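What follows is one structure encoded as structure tokens, with my remarks underneath.
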Amino acid sequence: MNPAELVTALSDAYKANADDKQASEMSAYMRDQFPFFGIKAVQRRALDRDVAGRGPGRPEHHYLIKVVKDCWGRGEREFQYFAVDYMRKHYRRLDASFLDLGRELVVTKAWWDTVDGLAAGVIGPFVRARGTVETMDTWVKADNVWVVRTALLHQLAAKEDTDVERLFTYALQRSADTDFFIRKAIGWSLRQYGRTDPTAVKRFVAANEQAFAPLVVREALKHLQPSS
């Protein structure tokens with residue numbers, strides 16, 4: 001099954017399982033920015049696995065890119081969700097040229113749902129595997145809020161492999177931002193690393209509390225107990 005056939009099969013599966021009522025609710029939740037088929041996540045992922053299983057088990061870079069671009073060009077949001085999950089599974093198959101496309105995906109049809117999936121599940125693992133994390137040093141200084149958010153969240157799943165100096169540096173570099181999505185990303189990135197090293201996060205926040213908005217501090221310390 002070639003890339004076009006795979007996306008056509010995906011479209012057929014989505015259309016056969018569409019739910020207009022749920023579609024309206026999902027679109028409203030996303031501030032009516034995107035149309036939906038109205039397929040809930042568990043069911044959608046089951047459909048996605050079935051369709052993806054008809055394609056190659058180890059898709060090459062060019063195959064992945066064709067599927068992703070086709071999905072990103074389609075209207076319903078479920079297509080973009082498929083693309084993010086497909087890359088998440090096969091990010092090691094992407095070659096070094098992917099980051100240019102990755103940035104394009106971040107800023108196209110941009111909202112937190114796809115951006116966060118790309119940041120933590122695709123771009124973060126990709127740059128760590130490729131040894132190109134310095135790219136995030138450039139992205140975190142960008143003017144586009146979604147590119148910045150991607151850089152802030154790219155280590156979200158790194159756990160013990162987190163580059164702590166980079167994490168804290170990024171937080172301070174963007175500490176003066178007033179944008180809600182950037183502030184939330186700073187707090188989330190710190191809170192997530194706090195699951196691995198709560199003491200380090202508490203010390204960092206305490207030492208720099210005046211630099212951060214109250215929202216950032218609340219998010220960073222949300223699940224940390226005083227005794228941590």
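Residue numbers start at 1 in each chain; chains themselves are named A, B, ... in the order of the structure tokens; ligands are numbered from 1 in the order shown.
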Name the residues in contact with Phe212 (chain A) at a cut-off of 12 Å, using only C-alpha atoms, excluding same-chain residues fewer than 5 positions from it; report them as a PyMOL selection string.
chain A and resi 171-178+182-184+186-187+204-207+217-220
So that I can check the surroundings of region 5-11 of chain A, please list as a ChimeraX atom specification every protein, DNA and RNA residue that reaches within 7 Å of it, counting only C-alpha atoms and ignoring chain neighbours fewer than 5 positions away.
/A:51,55,67
Create the file for the chosen residues now, containing N, CA and C atoms and written as a PDB file, in the first residue's frame.
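File out_31.pdb, as written:
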ATOM      1  N   VAL A  51      -5.287   0.615  10.033  1.00  0.00           N
ATOM      2  CA  VAL A  51      -4.880   1.163   8.738  1.00  0.00           C
ATOM      3  C   VAL A  51      -3.361   1.185   8.603  1.00  0.00           C
ATOM      4  N   GLY A  55       0.209  -0.778   5.879  1.00  0.00           N
ATOM      5  CA  GLY A  55       1.382  -0.203   5.239  1.00  0.00           C
ATOM      6  C   GLY A  55       2.640  -0.938   5.667  1.00  0.00           C
ATOM      7  N   VAL A  67       2.989  10.540   3.778  1.00  0.00           N
ATOM      8  CA  VAL A  67       1.802  10.313   4.600  1.00  0.00           C
ATOM      9  C   VAL A  67       1.506  11.537   5.466  1.00  0.00           C
TER      10      VAL A  67
END
Determine which residues of chain A receive a DSSP assignment of alpha helix (DSSP H), computed from the backbone, and state them as an MDAnalysis selection string.
chainID A and resid 3:16 20:29 41:52 61:72 77:90 98:107 112:118 124:130 134:139 145:153 164:173 180:194 198:208 214:221
Could you give me, as a tab-separated table, every region 30-88 of chain A residue with an atom at most 9 Å from region 118-129 of chain A, plus its closest atom pair and distance in Å to one decimal, counting only C-alpha atoms, rows ordered by chain then number?
residue	atom	partner	partner_atom	distance
A:Val84	CA	A:Leu118	CA	6.2
A:Asp85	CA	A:Gly121	CA	8.0
A:Met87	CA	A:Val122	CA	6.2
A:Arg88	CA	A:Val122	CA	4.9
Can I get the selection written as a CSV table (one decimal), in the first residue's frame, with C-alpha atoms?
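Result file selection.csv:
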chain,number,residue,atom,x,y,z
A,84,VAL,CA,1.7,12.8,14.9
A,85,ASP,CA,1.2,9.3,16.2
A,87,MET,CA,5.8,9.9,13.4
A,88,ARG,CA,6.0,9.2,17.1
Mind pulling up the distance from CA of Asp48 (chain A) to CA of Phe181 (chain A)?
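If I compute the distance from CA of Phe181 (chain A) to CA of Asp48 (chain A), I get 28.9 Å.
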Please list as a PDB file with N, CA and C atoms, in the first residue's frame every residue within 10 Å of Ile65 (chain A), counting only C-alpha atoms and excluding residues in the same chain fewer than 4 positions away.
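Result file follows (result.pdb):
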ATOM      1  N   PRO A   3       1.720   5.474   0.033  1.00  0.00           N
ATOM      2  CA  PRO A   3       1.262   6.481   0.992  1.00  0.00           C
ATOM      3  C   PRO A   3      -0.135   7.037   0.695  1.00  0.00           C
ATOM      4  N   PRO A  59       8.440   1.935   7.700  1.00  0.00           N
ATOM      5  CA  PRO A  59       8.376   2.900   6.594  1.00  0.00           C
ATOM      6  C   PRO A  59       9.635   3.750   6.502  1.00  0.00           C
ATOM      7  N   GLU A  60      10.102   3.956   5.269  1.00  0.00           N
ATOM      8  CA  GLU A  60      11.266   4.804   5.055  1.00  0.00           C
ATOM      9  C   GLU A  60      10.872   6.290   5.167  1.00  0.00           C
ATOM     10  N   HIS A  61      11.894   7.128   5.259  1.00  0.00           N
ATOM     11  CA  HIS A  61      11.674   8.562   5.436  1.00  0.00           C
ATOM     12  C   HIS A  61      10.690   9.118   4.411  1.00  0.00           C
ATOM     13  N   LYS A  69       2.468  14.728   5.129  1.00  0.00           N
ATOM     14  CA  LYS A  69       2.049  15.906   4.367  1.00  0.00           C
ATOM     15  C   LYS A  69       0.607  15.770   3.878  1.00  0.00           C
ATOM     16  N   ASP A  70       0.248  14.575   3.435  1.00  0.00           N
ATOM     17  CA  ASP A  70      -1.127  14.331   2.991  1.00  0.00           C
ATOM     18  C   ASP A  70      -2.101  14.549   4.144  1.00  0.00           C
ATOM     19  N   CYS A  71      -1.772  13.988   5.303  1.00  0.00           N
ATOM     20  CA  CYS A  71      -2.642  14.143   6.475  1.00  0.00           C
ATOM     21  C   CYS A  71      -2.735  15.592   6.923  1.00  0.00           C
ATOM     22  N   ALA A  83      -1.048  11.588  11.915  1.00  0.00           N
ATOM     23  CA  ALA A  83       0.305  11.923  11.466  1.00  0.00           C
ATOM     24  C   ALA A  83       1.274  12.029  12.639  1.00  0.00           C
ATOM     25  N   MET A  87       4.429   9.422  13.227  1.00  0.00           N
ATOM     26  CA  MET A  87       5.817   9.857  13.390  1.00  0.00           C
ATOM     27  C   MET A  87       6.362   9.471  14.755  1.00  0.00           C
ATOM     28  N   LEU A  94      13.079   8.753  10.285  1.00  0.00           N
ATOM     29  CA  LEU A  94      13.192  10.060   9.641  1.00  0.00           C
ATOM     30  C   LEU A  94      14.662  10.453   9.495  1.00  0.00           C
ATOM     31  N   PHE A  98      14.413  16.224   8.396  1.00  0.00           N
ATOM     32  CA  PHE A  98      13.067  16.306   8.941  1.00  0.00           C
ATOM     33  C   PHE A  98      12.779  17.590   9.702  1.00  0.00           C
ATOM     34  N   LEU A 101      10.758  20.332   8.062  1.00  0.00           N
ATOM     35  CA  LEU A 101       9.342  19.989   7.985  1.00  0.00           C
ATOM     36  C   LEU A 101       8.717  20.021   9.374  1.00  0.00           C
TER      37      LEU A 101
END
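Each of A:Asp179, A:Asn208, A:Leu221, A:Lys66 was compared to Arg191 (chain A) using only C-alpha atoms, and A:Leu221 turns out to be the nearest.
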How many Å separate CA of Arg130 (chain A) from CA of Asp95 (chain A)?
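CA of Asp95 (chain A) lies 8.9 Å from CA of Arg130 (chain A).
CA of Leu224 (chain A) sits 7.3 Å away from CA of Gly194 (chain A).
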Which residues of region 37-83 of chain A come within 12 Å of region 15-27 of chain A, and what is each one's closest atom pair and distance in Å (one decimal), counting only C-alpha atoms, sorted by chain and residue number, as a Markdown table?
| residue | atom | partner | partner_atom | distance |
| --- | --- | --- | --- | --- |
| A:Phe37 | CA | A:Ala18 | CA | 4.8 |
| A:Gly38 | CA | A:Ala23 | CA | 3.5 |
| A:Ile39 | CA | A:Ala18 | CA | 6.1 |
| A:Lys40 | CA | A:Gln22 | CA | 8.0 |
| A:Ala41 | CA | A:Met26 | CA | 11.0 |
| A:Gln43 | CA | A:Asn17 | CA | 8.9 |
| A:Arg44 | CA | A:Asn17 | CA | 8.9 |
| A:Ala46 | CA | A:Asn17 | CA | 11.5 |
| A:Leu47 | CA | A:Asn17 | CA | 9.2 |
| A:Gly75 | CA | A:Ser27 | CA | 11.9 |
| A:Glu76 | CA | A:Ala23 | CA | 9.5 |
| A:Arg77 | CA | A:Ser27 | CA | 8.9 |
| A:Glu78 | CA | A:Ala23 | CA | 10.4 |
| A:Phe79 | CA | A:Lys15 | CA | 11.5 |
